Structures are given as C-alpha cells and as structure tokens.
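Trainee: Contents of query38.txt (compact mmCIF, C-alpha atoms) are given next:
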```txt
# COMPACT_ATOMS: atom_id res chain seq x y z
CA MET R 1 56.99 133.74 92.22
CA LEU R 2 59.32 130.92 93.26
CA SER R 3 62.10 129.82 90.94
CA ASP R 4 62.13 126.20 89.75
CA GLN R 5 64.82 125.38 92.28
CA GLN R 6 62.95 127.05 95.15
CA ARG R 7 59.84 125.07 94.22
CA MET R 8 61.84 121.82 94.14
CA LEU R 9 63.44 122.58 97.51
CA THR R 10 60.12 123.52 99.10
CA ARG R 11 58.67 120.25 97.82
CA ALA R 12 61.73 118.24 98.90
CA ALA R 13 61.58 119.64 102.44
CA ARG R 14 58.21 117.90 102.83
CA GLU R 15 60.03 114.55 102.45
CA VAL R 16 61.74 115.03 105.80
CA ILE R 17 59.90 113.65 108.84
CA ASP R 18 60.37 115.13 112.31
CA GLY R 19 62.92 112.99 114.16
CA GLN R 20 64.91 111.80 111.14
CA ILE R 21 68.64 111.72 110.38
CA VAL R 22 69.23 113.27 106.96
CA ASN R 23 72.20 113.58 104.58
CA LEU R 24 72.33 116.38 102.00
CA GLY R 25 74.48 115.87 98.90
CA ILE R 26 76.65 118.54 97.32
CA GLY R 27 74.93 121.17 95.18
CA LEU R 28 71.20 121.82 95.24
CA PRO R 29 70.47 119.33 98.08
CA THR R 30 72.77 121.28 100.44
CA ARG R 31 70.37 124.22 100.15
CA LEU R 32 67.59 122.11 101.70
CA PHE R 33 69.17 123.14 105.01
CA HIS R 34 67.40 126.47 104.70
CA TYR R 35 64.01 124.88 104.07
CA LEU R 36 63.90 122.72 107.22
CA PRO R 37 62.11 124.42 110.12
CA ASP R 38 64.36 125.17 113.12
CA ASP R 39 61.98 123.53 115.56
CA MET R 40 62.18 120.16 113.80
CA ASN R 41 64.11 117.38 115.56
CA VAL R 42 66.24 116.66 112.52
CA LEU R 43 69.99 115.98 112.56
CA VAL R 44 71.82 116.60 109.29
CA HIS R 45 74.66 114.13 108.74
CA SER R 46 77.80 115.21 106.93
CA GLU R 47 80.10 112.39 105.85
CA ASN R 48 83.30 114.15 106.97
CA GLY R 49 82.26 113.24 110.51
CA LEU R 50 79.43 115.35 111.88
CA LEU R 51 75.84 114.62 112.88
CA GLY R 52 73.77 117.73 113.54
CA CYS R 53 75.24 120.48 111.39
CA ARG R 54 73.47 123.73 110.59
CA PRO R 55 74.41 126.71 108.42
CA ARG R 56 76.15 129.67 110.01
CA GLN R 57 73.99 132.69 110.65
CA GLU R 58 74.75 135.95 108.90
CA GLY R 59 77.77 137.53 110.62
CA GLU R 60 78.70 134.38 112.58
CA ALA R 61 82.50 133.95 112.36
CA PRO R 62 83.71 130.73 110.70
CA ASP R 63 85.34 128.05 112.86
CA ILE R 64 88.17 126.64 110.75
CA ASP R 65 87.70 123.16 112.22
CA MET R 66 84.03 122.97 111.24
CA ILE R 67 83.07 122.27 107.63
CA ASP R 68 80.48 120.15 105.89
CA SER R 69 81.38 117.64 103.20
CA GLY R 70 81.09 120.33 100.52
CA GLY R 71 83.73 122.46 102.25
CA ALA R 72 81.42 125.18 103.59
CA TYR R 73 82.08 126.47 107.10
CA ILE R 74 79.13 125.39 109.21
CA THR R 75 78.20 125.11 112.85
CA THR R 76 76.21 122.66 114.96
CA ARG R 77 72.78 122.40 116.56
CA PRO R 78 71.88 120.92 119.97
CA GLY R 79 72.23 117.13 119.93
CA ALA R 80 75.17 117.20 117.49
CA SER R 81 78.21 114.94 117.65
CA VAL R 82 81.53 114.67 115.81
CA PHE R 83 83.40 111.47 114.95
CA ASP R 84 85.99 110.00 112.59
CA SER R 85 85.44 109.00 108.95
CA ALA R 86 85.13 105.26 109.67
CA THR R 87 82.34 105.89 112.16
CA SER R 88 80.68 108.29 109.74
CA PHE R 89 80.51 105.61 107.05
CA ALA R 90 79.50 102.93 109.55
CA MET R 91 76.43 105.12 110.13
CA ILE R 92 75.80 105.14 106.38
CA ARG R 93 76.47 101.45 105.65
CA ARG R 94 74.35 100.36 108.63
CA SER R 95 71.45 102.46 107.24
CA ARG R 96 71.34 104.65 110.35
CA VAL R 97 70.90 107.63 108.05
CA ASP R 98 67.16 107.69 107.25
CA VAL R 99 67.09 109.70 104.06
CA THR R 100 69.63 111.19 101.66
CA PHE R 101 69.10 113.79 98.94
CA MET R 102 71.40 113.72 95.92
CA GLY R 103 71.83 115.37 92.56
CA ALA R 104 72.10 113.30 89.35
CA PHE R 105 73.46 113.34 85.81
CA GLU R 106 71.05 110.54 84.86
CA VAL R 107 68.44 108.43 86.61
CA ASP R 108 66.34 105.64 85.17
CA GLN R 109 63.04 103.87 85.68
CA GLU R 110 64.70 100.95 87.48
CA GLY R 111 65.96 103.35 90.14
CA ASN R 112 69.55 103.37 88.92
CA LEU R 113 71.63 106.47 89.64
CA ALA R 114 74.56 107.97 87.70
CA ASN R 115 76.04 111.05 89.36
CA TRP R 116 79.81 110.69 89.67
CA LYS R 117 81.51 110.33 86.32
CA ILE R 118 81.22 111.44 82.70
CA PRO R 119 83.94 109.43 80.94
CA GLY R 120 86.50 111.71 79.29
CA LYS R 121 84.94 114.85 80.75
CA PHE R 122 84.38 114.68 84.47
CA SER R 123 85.99 112.20 86.84
CA PRO R 124 87.05 113.84 90.11
CA GLY R 125 86.36 110.64 92.09
CA ILE R 126 83.27 109.25 93.77
CA GLY R 127 83.69 110.60 97.33
CA GLY R 128 80.96 109.24 99.58
CA ALA R 129 78.23 109.05 96.93
CA MET R 130 78.42 105.30 96.29
CA GLU R 131 77.95 104.25 99.90
CA LEU R 132 75.21 106.81 100.49
CA ALA R 133 73.33 105.74 97.37
CA GLN R 134 73.68 102.02 98.07
CA LYS R 135 72.96 101.99 101.80
CA VAL R 136 70.79 104.86 102.97
CA ALA R 137 67.23 103.60 103.50
CA ARG R 138 65.57 106.25 101.32
CA LEU R 139 67.28 108.07 98.45
CA VAL R 140 65.53 111.09 96.99
CA VAL R 141 67.07 112.48 93.82
CA LEU R 142 66.79 116.22 93.31
CA CYS R 143 67.74 117.19 89.77
CA SER R 144 66.67 119.13 86.72
CA HIS R 145 64.36 117.15 84.44
CA ASN R 146 66.54 117.82 81.38
CA ASP R 147 70.17 118.72 80.82
CA LYS R 148 71.25 122.15 79.60
CA HIS R 149 70.78 121.01 75.98
CA GLY R 150 67.23 119.91 76.74
CA ASN R 151 67.98 116.18 76.65
CA PRO R 152 66.04 114.03 79.13
CA LYS R 153 67.87 113.02 82.31
CA ILE R 154 65.03 110.68 83.31
CA LEU R 155 65.73 107.61 81.19
CA THR R 156 64.67 104.04 80.47
CA ARG R 157 68.24 103.00 81.17
CA CYS R 158 71.23 105.05 82.40
CA GLN R 159 74.11 105.33 79.93
CA LEU R 160 76.76 106.75 82.27
CA PRO R 161 78.70 104.66 84.83
CA LEU R 162 76.40 103.93 87.77
CA THR R 163 76.88 105.20 91.28
CA ALA R 164 74.59 102.43 92.53
CA SER R 165 71.86 100.30 91.01
CA ARG R 166 68.18 100.14 92.08
CA CYS R 167 68.80 102.61 94.86
CA ILE R 168 66.37 105.49 94.19
CA SER R 169 63.04 105.80 95.99
CA ARG R 170 61.77 109.11 94.64
CA ILE R 171 62.81 111.68 92.01
CA ILE R 172 61.93 115.36 92.35
CA THR R 173 62.48 117.63 89.35
CA GLU R 174 61.04 121.01 88.46
CA LYS R 175 58.45 119.15 86.35
CA ALA R 176 57.36 116.18 88.49
CA VAL R 177 57.61 114.06 91.61
CA MET R 178 58.09 110.42 90.58
CA ASP R 179 58.33 107.17 92.54
CA VAL R 180 60.30 104.17 91.33
CA THR R 181 58.01 101.13 91.03
CA PRO R 182 58.52 97.71 89.42
CA GLU R 183 56.27 98.79 86.51
CA GLY R 184 57.95 102.14 85.83
CA LEU R 185 58.06 105.64 87.22
CA GLU R 186 54.80 106.53 88.93
CA VAL R 187 54.13 110.25 88.65
CA VAL R 188 52.63 111.33 91.98
CA GLU R 189 52.74 115.08 91.36
CA ILE R 190 53.18 117.29 88.32
CA ALA R 191 54.27 120.94 88.20
CA GLU R 192 51.53 123.55 88.34
CA GLY R 193 50.51 124.46 84.78
CA LEU R 194 52.38 121.59 83.06
CA SER R 195 50.42 119.17 80.86
CA VAL R 196 50.85 115.42 81.05
CA ASP R 197 51.79 115.39 77.37
CA ALA R 198 54.53 117.97 77.91
CA LEU R 199 55.90 115.89 80.79
CA ARG R 200 55.97 112.74 78.65
CA GLU R 201 57.67 114.71 75.88
CA ALA R 202 60.46 115.80 78.25
CA THR R 203 61.01 112.29 79.60
CA ASP R 204 62.63 109.18 78.11
CA ALA R 205 61.16 106.61 80.50
CA THR R 206 57.93 104.73 81.11
CA LEU R 207 55.70 107.07 83.14
CA LEU R 208 52.67 105.73 84.99
CA ILE R 209 50.13 108.53 85.32
CA ASP R 210 46.69 108.33 86.90
CA GLU R 211 45.31 111.79 86.18
CA SER R 212 42.49 111.35 88.72
CA ARG R 213 45.03 111.11 91.55
CA LEU R 214 47.71 113.41 90.21
CA GLY R 215 48.85 116.10 92.67
CA ARG R 216 50.21 119.54 91.71
CA PHE R 217 53.23 121.34 93.21
CA MET L 1 108.55 102.55 118.42
CA THR L 2 109.95 105.71 119.89
CA LEU L 3 110.36 105.64 123.67
CA LEU L 4 107.70 107.62 125.53
CA ASN L 5 110.15 110.18 126.84
CA HIS L 6 111.72 110.86 123.41
CA LYS L 7 108.70 111.71 121.27
CA VAL L 8 108.74 115.50 121.31
CA CYS L 9 111.02 116.66 118.54
CA ASP L 10 111.83 119.40 116.08
CA ILE L 11 109.65 119.49 112.95
CA ASP L 12 112.56 119.34 110.50
CA ALA L 13 114.21 116.44 112.35
CA ALA L 14 110.96 114.44 112.22
CA ILE L 15 110.43 115.09 108.50
CA ALA L 16 114.11 114.49 107.56
CA GLU L 17 113.76 110.80 108.45
CA ILE L 18 111.22 110.24 105.64
CA PRO L 19 112.98 108.64 102.62
CA ASP L 20 112.37 109.27 98.92
CA GLY L 21 109.65 107.00 97.57
CA ALA L 22 107.86 106.76 100.93
CA THR L 23 104.13 106.02 101.22
CA ILE L 24 102.66 108.74 103.41
CA MET L 25 99.17 109.05 104.88
CA VAL L 26 97.99 112.62 105.34
CA GLY L 27 95.10 113.41 107.68
CA GLY L 28 92.37 115.91 106.88
CA PHE L 29 89.14 116.29 104.95
CA GLY L 30 89.54 119.52 103.02
CA SER L 31 91.41 121.91 105.29
CA PRO L 32 90.27 120.78 108.77
CA GLY L 33 92.71 118.22 110.14
CA THR L 34 95.25 118.72 107.36
CA PRO L 35 98.76 118.92 108.92
CA PHE L 36 99.74 122.04 106.96
CA ALA L 37 103.00 122.72 108.86
CA LEU L 38 104.25 119.14 108.40
CA LEU L 39 103.41 119.30 104.68
CA ASP L 40 105.29 122.56 104.28
CA ALA L 41 108.29 120.99 106.03
CA LEU L 42 108.06 118.00 103.70
CA LEU L 43 108.01 120.36 100.72
CA ALA L 44 111.12 122.15 102.02
CA SER L 45 112.87 118.87 102.84
CA GLY L 46 112.84 117.71 99.21
CA GLN L 47 111.68 114.04 99.22
CA ARG L 48 110.53 112.80 95.80
CA ASN L 49 108.49 109.99 94.24
CA LEU L 50 106.06 110.05 97.09
CA THR L 51 102.86 108.04 97.32
CA LEU L 52 100.31 110.06 99.27
CA ILE L 53 97.12 108.71 100.81
CA LYS L 54 94.62 111.46 101.58
CA ASN L 55 90.85 111.78 101.32
CA ASP L 56 91.16 114.70 98.89
CA ALA L 57 93.87 116.88 97.32
CA ASN L 58 93.17 120.01 99.39
CA GLU L 59 92.86 123.07 97.11
CA PRO L 60 95.36 124.58 94.65
CA GLY L 61 98.33 126.14 96.43
CA ILE L 62 97.74 124.67 99.89
CA GLY L 63 98.47 121.43 101.72
CA ILE L 64 99.28 118.49 99.46
CA GLY L 65 98.36 120.75 96.52
CA LYS L 66 101.84 122.32 96.91
CA LEU L 67 103.58 118.92 96.76
CA ILE L 68 101.56 117.92 93.68
CA GLU L 69 102.36 121.21 91.93
CA ALA L 70 106.07 120.72 92.74
CA GLY L 71 106.00 117.34 90.96
CA ARG L 72 106.85 115.42 94.12
CA VAL L 73 103.86 113.08 94.15
CA LYS L 74 104.15 109.97 92.01
CA ARG L 75 100.85 108.45 93.13
CA LEU L 76 97.82 109.67 95.05
CA ILE L 77 95.33 107.31 96.69
CA THR L 78 92.19 109.30 97.40
CA SER L 79 88.39 109.51 97.19
CA HIS L 80 87.77 112.88 95.54
CA LEU L 81 89.73 115.69 93.84
CA GLY L 82 86.79 117.99 93.15
CA LEU L 83 88.20 121.07 94.89
CA ASN L 84 91.66 120.93 93.28
CA ARG L 85 91.72 121.71 89.57
CA THR L 86 95.52 121.52 89.36
CA ALA L 87 95.48 117.99 90.83
CA ILE L 88 92.90 116.96 88.21
CA ASP L 89 95.11 118.47 85.50
CA ALA L 90 98.19 116.59 86.82
CA MET L 91 96.14 113.37 86.74
CA ASN L 92 94.82 113.98 83.23
CA ALA L 93 98.32 114.88 81.96
CA GLY L 94 99.65 111.58 83.34
CA GLU L 95 102.06 113.39 85.67
CA MET L 96 100.53 111.74 88.72
CA GLU L 97 98.84 108.36 89.04
CA VAL L 98 95.56 108.59 90.94
CA ILE L 99 93.80 105.64 92.54
CA PHE L 100 90.23 106.36 93.66
CA HIS L 101 88.32 104.53 96.35
CA PRO L 102 84.82 105.27 97.64
CA GLN L 103 85.36 107.41 100.73
CA GLY L 104 84.07 104.98 103.34
CA LEU L 105 86.07 102.11 101.84
CA LEU L 106 89.21 104.26 101.91
CA ALA L 107 88.57 104.97 105.60
CA GLU L 108 87.91 101.31 106.33
CA LYS L 109 91.01 100.10 104.44
CA ILE L 110 93.09 102.41 106.61
CA ARG L 111 91.22 101.43 109.77
CA CYS L 112 91.85 97.77 108.96
CA ALA L 113 95.60 98.31 108.70
CA GLY L 114 95.42 100.24 111.95
CA VAL L 115 93.84 97.34 113.85
CA GLY L 116 96.24 94.79 112.41
CA HIS L 117 93.91 93.06 109.95
CA GLY L 118 94.70 92.21 106.35
CA GLY L 119 91.44 93.46 104.87
CA PHE L 120 87.66 93.14 105.02
CA LEU L 121 84.61 92.00 103.06
CA THR L 122 82.15 94.47 101.61
CA ASP L 123 79.19 94.64 99.26
CA ILE L 124 79.83 98.30 98.37
CA GLY L 125 80.22 98.83 94.64
CA ILE L 126 79.50 95.27 93.50
CA GLY L 127 78.23 95.48 89.91
CA THR L 128 79.73 98.94 89.30
CA GLU L 129 82.93 100.13 87.64
CA ILE L 130 84.61 100.36 91.08
CA ALA L 131 84.43 96.57 91.40
CA GLU L 132 86.68 95.87 88.42
CA GLY L 133 89.70 93.82 89.47
CA ARG L 134 88.41 93.03 92.94
CA HIS L 135 88.32 89.45 94.22
CA GLU L 136 84.85 88.31 95.19
CA ILE L 137 83.83 85.42 97.40
CA ASN L 138 80.52 83.79 98.24
CA ILE L 139 79.57 83.09 101.84
CA GLU L 140 76.23 81.40 102.54
CA GLY L 141 74.69 82.79 99.39
CA CYS L 142 75.98 86.36 99.76
CA THR L 143 78.59 87.81 97.43
CA TRP L 144 81.31 89.92 99.02
CA ALA L 145 84.28 91.78 97.58
CA ILE L 146 87.64 91.52 99.33
CA GLU L 147 89.16 94.89 100.18
CA PRO L 148 92.80 94.66 101.34
CA ALA L 149 94.01 96.87 104.18
CA LEU L 150 95.98 99.99 103.28
CA GLN L 151 99.05 100.80 105.30
CA ALA L 152 101.84 103.35 105.02
CA ASP L 153 105.41 104.07 106.03
CA VAL L 154 104.51 107.38 107.59
CA ALA L 155 101.36 109.19 108.75
CA LEU L 156 101.22 112.96 109.08
CA ILE L 157 98.58 113.87 111.65
CA HIS L 158 97.04 117.10 112.91
CA ALA L 159 95.78 117.17 116.50
CA GLU L 160 94.41 120.06 118.55
CA ARG L 161 96.23 119.01 121.72
CA ALA L 162 98.77 116.39 122.71
CA ASP L 163 100.93 115.44 125.63
CA ARG L 164 104.62 114.63 125.70
CA TYR L 165 103.96 110.88 125.45
CA GLY L 166 101.94 111.35 122.25
CA ASN L 167 98.34 111.14 123.46
CA LEU L 168 96.20 113.10 120.98
CA ILE L 169 92.93 115.03 121.03
CA TYR L 170 91.22 116.20 117.83
CA ARG L 171 88.73 119.02 117.48
CA GLY L 172 85.45 119.26 115.54
CA THR L 173 85.50 117.99 111.96
CA ALA L 174 89.33 118.08 112.05
CA SER L 175 89.15 114.49 113.30
CA ASN L 176 88.06 112.76 110.03
CA PHE L 177 90.88 110.43 108.84
CA ASN L 178 93.42 111.44 111.52
CA PRO L 179 92.65 108.86 114.23
CA LEU L 180 92.51 106.07 111.60
CA MET L 181 95.81 107.05 109.98
CA ALA L 182 97.46 107.52 113.37
CA MET L 183 97.12 103.74 113.86
CA ALA L 184 97.95 102.60 110.33
CA ALA L 185 101.54 103.73 109.64
CA GLU L 186 104.94 102.55 110.82
CA ARG L 187 105.99 106.05 111.86
CA VAL L 188 103.37 108.53 113.03
CA ILE L 189 104.26 112.23 113.20
CA ALA L 190 101.64 114.41 114.89
CA GLN L 191 101.63 118.20 114.77
CA THR L 192 99.74 120.00 117.50
CA TYR L 193 99.21 123.49 118.86
CA ARG L 194 99.97 122.58 122.43
CA ILE L 195 102.02 119.85 124.12
CA ASP L 196 101.04 119.20 127.73
CA GLU L 197 102.71 117.14 130.42
CA PRO L 198 101.51 113.54 130.83
CA GLY L 199 98.50 113.64 133.16
CA ASP L 200 97.32 117.06 132.01
CA LEU L 201 94.85 115.80 129.39
CA PRO L 202 91.68 114.34 130.95
CA ILE L 203 92.15 110.61 130.30
CA ASP L 204 88.63 110.02 129.01
CA THR L 205 88.94 112.72 126.33
CA ILE L 206 91.98 111.23 124.55
CA HIS L 207 91.11 110.07 121.04
CA THR L 208 94.42 108.45 119.98
CA PRO L 209 96.38 106.70 122.73
CA CYS L 210 100.10 107.50 122.75
CA ALA L 211 101.10 103.90 121.93
CA PHE L 212 100.49 104.59 118.23
CA VAL L 213 102.35 107.90 117.96
CA SER L 214 106.08 108.18 117.18
CA HIS L 215 106.77 111.93 117.19
CA VAL L 216 105.00 115.01 118.50
CA VAL L 217 105.80 118.38 116.99
CA GLN L 218 104.55 121.73 118.26
CA VAL L 219 103.38 124.12 115.57
CA ASP L 220 102.08 127.67 115.51
CA ARG L 221 98.31 128.03 115.33
CA ALA L 222 98.83 130.39 112.39
CA SER L 223 100.16 127.44 110.38
CA SER L 224 96.56 126.35 109.88
CA GLN L 225 95.31 129.75 108.79
CA GLN L 226 96.77 129.09 105.36
CA GLY L 227 94.07 126.47 104.94
CA VAL L 228 91.26 128.95 105.44
CA ARG L 229 89.48 129.73 102.24
CA PRO L 230 86.49 132.00 101.77
CA HIS L 231 83.33 129.95 101.45
CA ALA L 232 79.77 131.03 101.00
CA LEU L 233 77.44 130.79 103.98
```
Mind turning the file's structure into structure tokens?
Mentor:
Amino acid sequence: MLSDQQRMLTRAAREVIDGQIVNLGIGLPTRLFHYLPDDMNVLVHSENGLLGCRPRQEGEAPDIDMIDSGGAYITTRPGASVFDSATSFAMIRRSRVDVTFMGAFEVDQEGNLANWKIPGKFSPGIGGAMELAQKVARLVVLCSHNDKHGNPKILTRCQLPLTASRCISRIITEKAVMDVTPEGLEVVEIAEGLSVDALREATDATLLIDESRLGRF
Amino acid sequence: MTLLNHKVCDIDAAIAEIPDGATIMVGGFGSPGTPFALLDALLASGQRNLTLIKNDANEPGIGIGKLIEAGRVKRLITSHLGLNRTAIDAMNAGEMEVIFHPQGLLAEKIRCAGVGHGGFLTDIGIGTEIAEGRHEINIEGCTWAIEPALQADVALIHAERADRYGNLIYRGTASNFNPLMAMAAERVIAQTYRIDEPGDLPIDTIHTPCAFVSHVVQVDRASSQQGVRPHAL
C-alpha cells in the first residue's frame, strides 16, 4: 500500500517527458528524483548552478562542492554542467526549464500560487521561487489538499502574499489532479476510492468535474 | 587596482584593510563557495557595523552565521535565510536589518555592477509584495521594474585554484555567486587552496580573469571542512 505522498510522487513522475529539463522545489518535489527512471534523458536543474544533478547512491561519499538548492549533497549524471547563479536564473527567466514542481501553502482557481511567506509566522525570504513560478513554462504544484487543521489549501482566491500570479498549470494532491482553466479547476483525476462529493467538501474552489471522463490514481 | 606582481598576500593583512561599516559581498550558496577562512579572519579582526551581501546566511555557527551571532552585521542583503534559525531570530528581534531579493534578481543586480551598468529592467515580481517601492516604466506597451545595480566595497571569494596574478577557477556548485561578486566590488579578496605561477592554469579554463582580483590568499583545504554538515541522501 503506497502512502499518500508516494502516490502523489508516482503520479507526478508521469508529468515528466523524456528529454525535458526539470526543476524540483524544496520538500516533497525533491523526492521526485527517485521516481524518474534512470534511462530517461532528463536533466534536473538546481538553481544554485547545476543542470543534471542526481542523488548520491548509498555509500557514495559526499563531495563538499556539490549540493542542490536544498543543501543536500548530490552528484551529477552524464550531460551535466555547472555554471554561476546569473546563468542559472537566465535559464529560468528565458523559460529554458521545461517544467518545475513546487510545494504550496495555498493555490487558487486562477492559478495563483502562495508558497513563500506567512506574515508574522514564516518569512525566511523567497529564494528562487518567484522566478521559477513566473517564468518556467509549466508549473506543477505538489501539495497536500488540506492543511494540518483540515482547512482547504485549494481556494477560490489565495489569502497569503503571492509568489506569482496565474502561473500554475496543474495541481496534484493526494485527493485529485486538477488543471487550471479559465472556468475553474478541471478535475482530471480523483484518488482511488474518493467520492466526488468528498472532494468538493475538502475544496474551497470551483471544481469542474465530468464524471464520465474522470480518471483514478 | 593592485599590481599583478603584488596580489599574493597574508590573510590577516588582506582583511585588516577592511574598515568598520564596510559593505562586503560574500560568495557561496550554502557551504559550497563560502570563503570560510576569510570570514573567520574577519571575525578575528573585529570590524563592526558591516553590511553583508550573501545569497543566504549559511547555517548557525559557521560562515557569516558567526559574524551575525557576534553582533557584527548591521544589515544583510540576501535571498533566503531558511537554514539559519539564529539569523531569523536576529532579524525578528530587530538586531539585524534584512533586505530580501528574489535570488535571480540578487544575482543580476550584482552582475550588473560587475559589468559597469547602473541597473536593469525586469518583469519579475510585478504585482507582488516584492514590487513595493520599485520604479516602473512603460516601453512599447510593456511594464518593467527598474532594478538598480548592487555594488560593494569588498568581495570575499572562494576559488578552487588561482595563480599569482589573480586568475581564478571555481569547482562544481562552489561557483554560484563568486564569479559575479568577483567583478562587482572595489577590492576583491580571493581565498584558494593552491596558488600557481602565471601560465600554469590552462587559459581556457579560467573563470574570473585576474584583472578583477585585488588579493589572493592561500588557505588550508581543511578550512572548508567546517562547512560540511550532515545531510540526508
């Protein structure tokens, strides 16, 4: 039996197309590394200046000059390159990174993303999140459907300060896979065993659901 | 600028020339590329009221974390403090002013100073909280925010190898902000593990040409080990 997070990661890995350049945000998205097949021609971009990172194998000694943007010691795969921070963000702002996966505090049906600041509680700075969210061609949010108190994180309108507006393409939670459309969030897949009513109950946004075409994951 | 044949110097002599109140760029993203030995010398040397420019605040007890904990940093210009709880506490207690920039804009502001420009135009952050206080202009129907260049009195740089004239080579993800900062300060002090004779470094592998570098200081490789922290696979 897969955990919710394992199910989300397995589903998220299917978003990556062979040949793409991918950025993985801090937290759950970083773990996607382990769900991408080794034989795929995929280069993982890390904003500290590396294209083509891969996790160290068990027992592989750390190289103190090689970390990813979350601070973990990593290594590289064939085809990798290293560069300075300006070049790294040129790659992002010029949309040369094909897809980025990020966590979220809140998302909304217009595709707005809030994931960097909770006023008065959490404000360590925005890092590279703003430029990634605003400029990467496809942003997939990977987050829990509700916060730890059970409140919806999928909203009509974000309340927290935005990272970027109208930037999200797809949202993957443990309950559903949703696409941002001009009419609202289109549910393309729903978790195995979850009812449409229960999904609506857990969500505070307009959900477009065509049960005849609804996939399960 | 220092003459080519006078760049190699003692670490304490190089640091002693930094005045109180200086604005200092510090290379590194997390530990890689952080000039730990130069920062320790700065701590020992005693300068106060410093403005530091660094991507992050390292971690508690290492790198610029030590200077912050010693109350020597008046202002920090950075993109993220997430790995340094004591820096966040100093910010929240009002002991240190912190100015945040999105990471790529911070890099570009430094790069701009390094190439001799006054600033650049960007659409990053327009309509968000980050944009407050920025000047915006309209060019042919597009709105741009003006981002001024960011320069410094001193840059502290970590390079893997150097030569006596100050040519620098970085390694792996220890490059990050170093080559940008090495062009953006009045006085550039580079620490390195090995100082070669001019001509010894293959010319097409040099990342920072010596023209930008004021001082080269040889440090022990072990000086970087203090930046190694256990991290999960």
Trainee: Pick out the chain L residues within 6 Å of chain R. Count all atoms listed in the file. Give them as a list of chain:residue names.
Mentor: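 The answer, sorted by residue number, is L:Pro32, L:Ser79, L:His80, L:Leu81, L:Gly82, L:Phe100, L:Pro102, L:Gln103, L:Gly104, L:Ala107, L:Glu108, L:Gly172, L:Thr173, L:Ala174, L:Ser175, L:Asn176, L:Phe177, L:His231.
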Trainee: With distances taken over all atoms listed in the file, which residue among R:Ala198, R:Leu36, R:Leu155, R:Leu113 lies nearest R:Ile168?
Mentor: R:Leu113
Trainee: To one decimal in Å, tell me the separation between atom CA of L:Val98 and atom CA of L:Leu52.
Mentor: 9.7 Å
Trainee: Would you be able to write out as a VMD selection string which residues have an atom within 10 Å of (63.3, 127.2, 88.1) in the file's coordinates, counting all atoms listed in the file?
Mentor: chain R and resid 1 to 8 144 173 to 175
Trainee: Give me, please, the distance in Å between atom CA of R:Tyr35 and atom CA of R:Trp116, quoted to one decimal.
Mentor: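 Separating atom CA of R:Tyr35 from atom CA of R:Trp116 is a distance of 25.7 Å.
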Trainee: With only C-alpha atoms as the basis for distance, which of L:Asp196, L:Glu186, L:Glu129, L:Asp10 is at the shortest distance from R:Pro119?
Mentor: L:Glu129
Trainee: Taking all atoms listed in the file into account, name the residue in L:Gly33, L:Gly199, L:Ala184, L:Asn92 that is nearest to L:Glu160.
Mentor: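 When distances to L:Glu160 are compared using all atoms listed in the file, the smallest one comes from L:Gly33.
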Trainee: Identify, on the basis of all atoms listed in the file, every residue whose closest approach to L:Glu59 does not exceed 7 Å; exclude the query and any residue fewer than 3 positions from it along the same chain; express the result as JSON, numbers by chain.
Mentor: {"L": [62, 65, 83, 84]}
Trainee: Taking all atoms listed in the file into account, which of L:Ile64, L:Ile88, L:Ile53, L:Val213 comes nearest L:His101?
Mentor: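 Of all the options, L:Ile53 lies closest to L:His101.
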Trainee: Could you state the separation of atom CA of L:His207 and atom CA of L:Arg221 in Å, given to one decimal place?
Mentor: 20.2 Å
Trainee: Please write out, as lines of an AutoDock Vina configuration file, where the centre of an axis-aligned box around all listed atoms of stretch 49-64 of chain R lies and how long its edges are, in Å to one decimal, after adding 8 Å on each side.
Mentor:
```
center_x = 80.8
center_y = 125.4
center_z = 111.0
size_x = 30.7
size_y = 40.3
size_z = 21.1
```
Trainee: Have a look at R:Gly150, R:Pro29, R:Gly103, R:Pro78 and name the one nearest to R:Leu9; count all atoms listed in the file.
Mentor: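 Ranking R:Gly150, R:Pro29, R:Gly103, R:Pro78 by distance to R:Leu9, first place goes to R:Pro29.
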Trainee: Hey, what's within 9 Å of R:Arg96 if we count all atoms listed in the file and toss same-chain stuff fewer than 6 positions away? As number ranges by chain, please?
Mentor: R: 21, 90, 136-137
Trainee: Find the residue from R:Leu28, R:Thr10, R:Gly79, R:Lys117 that sits nearest to R:Leu43; use only C-alpha atoms when measuring.
Mentor: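 Result for the nearest residue to R:Leu43: R:Gly79.
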Trainee: Which residues are close to L:Glu97, i.e. within 10 Å by all atoms listed in the file, leaving aside same-chain residues fewer than 2 positions away? Reply as a list in words.
Mentor: Thr51, Val73, Lys74, Arg75, Leu76, Ile77, Ala90, Met91, Asn92, Ala93, Gly94, Glu95, Ile99 and Phe100 of chain L
Trainee: Do a neighbour search on L:Ile24 at 12 Å with all atoms listed in the file, toss out local chain neighbours closer than 2 positions, and write the hits as a PyMOL selection string.
Mentor: chain L and resi 15+18-22+26-27+38-39+42+47-54+64+73-77+110+150-157+181-182+184-189
Trainee: Please provide as a PyMOL selection string all residues within 9 Å of R:Val22, with the sequence filter that same-chain residues fewer than 5 positions apart are discarded (counting only C-alpha atoms).
Mentor: chain R and resi 16+42-46+51+97-101
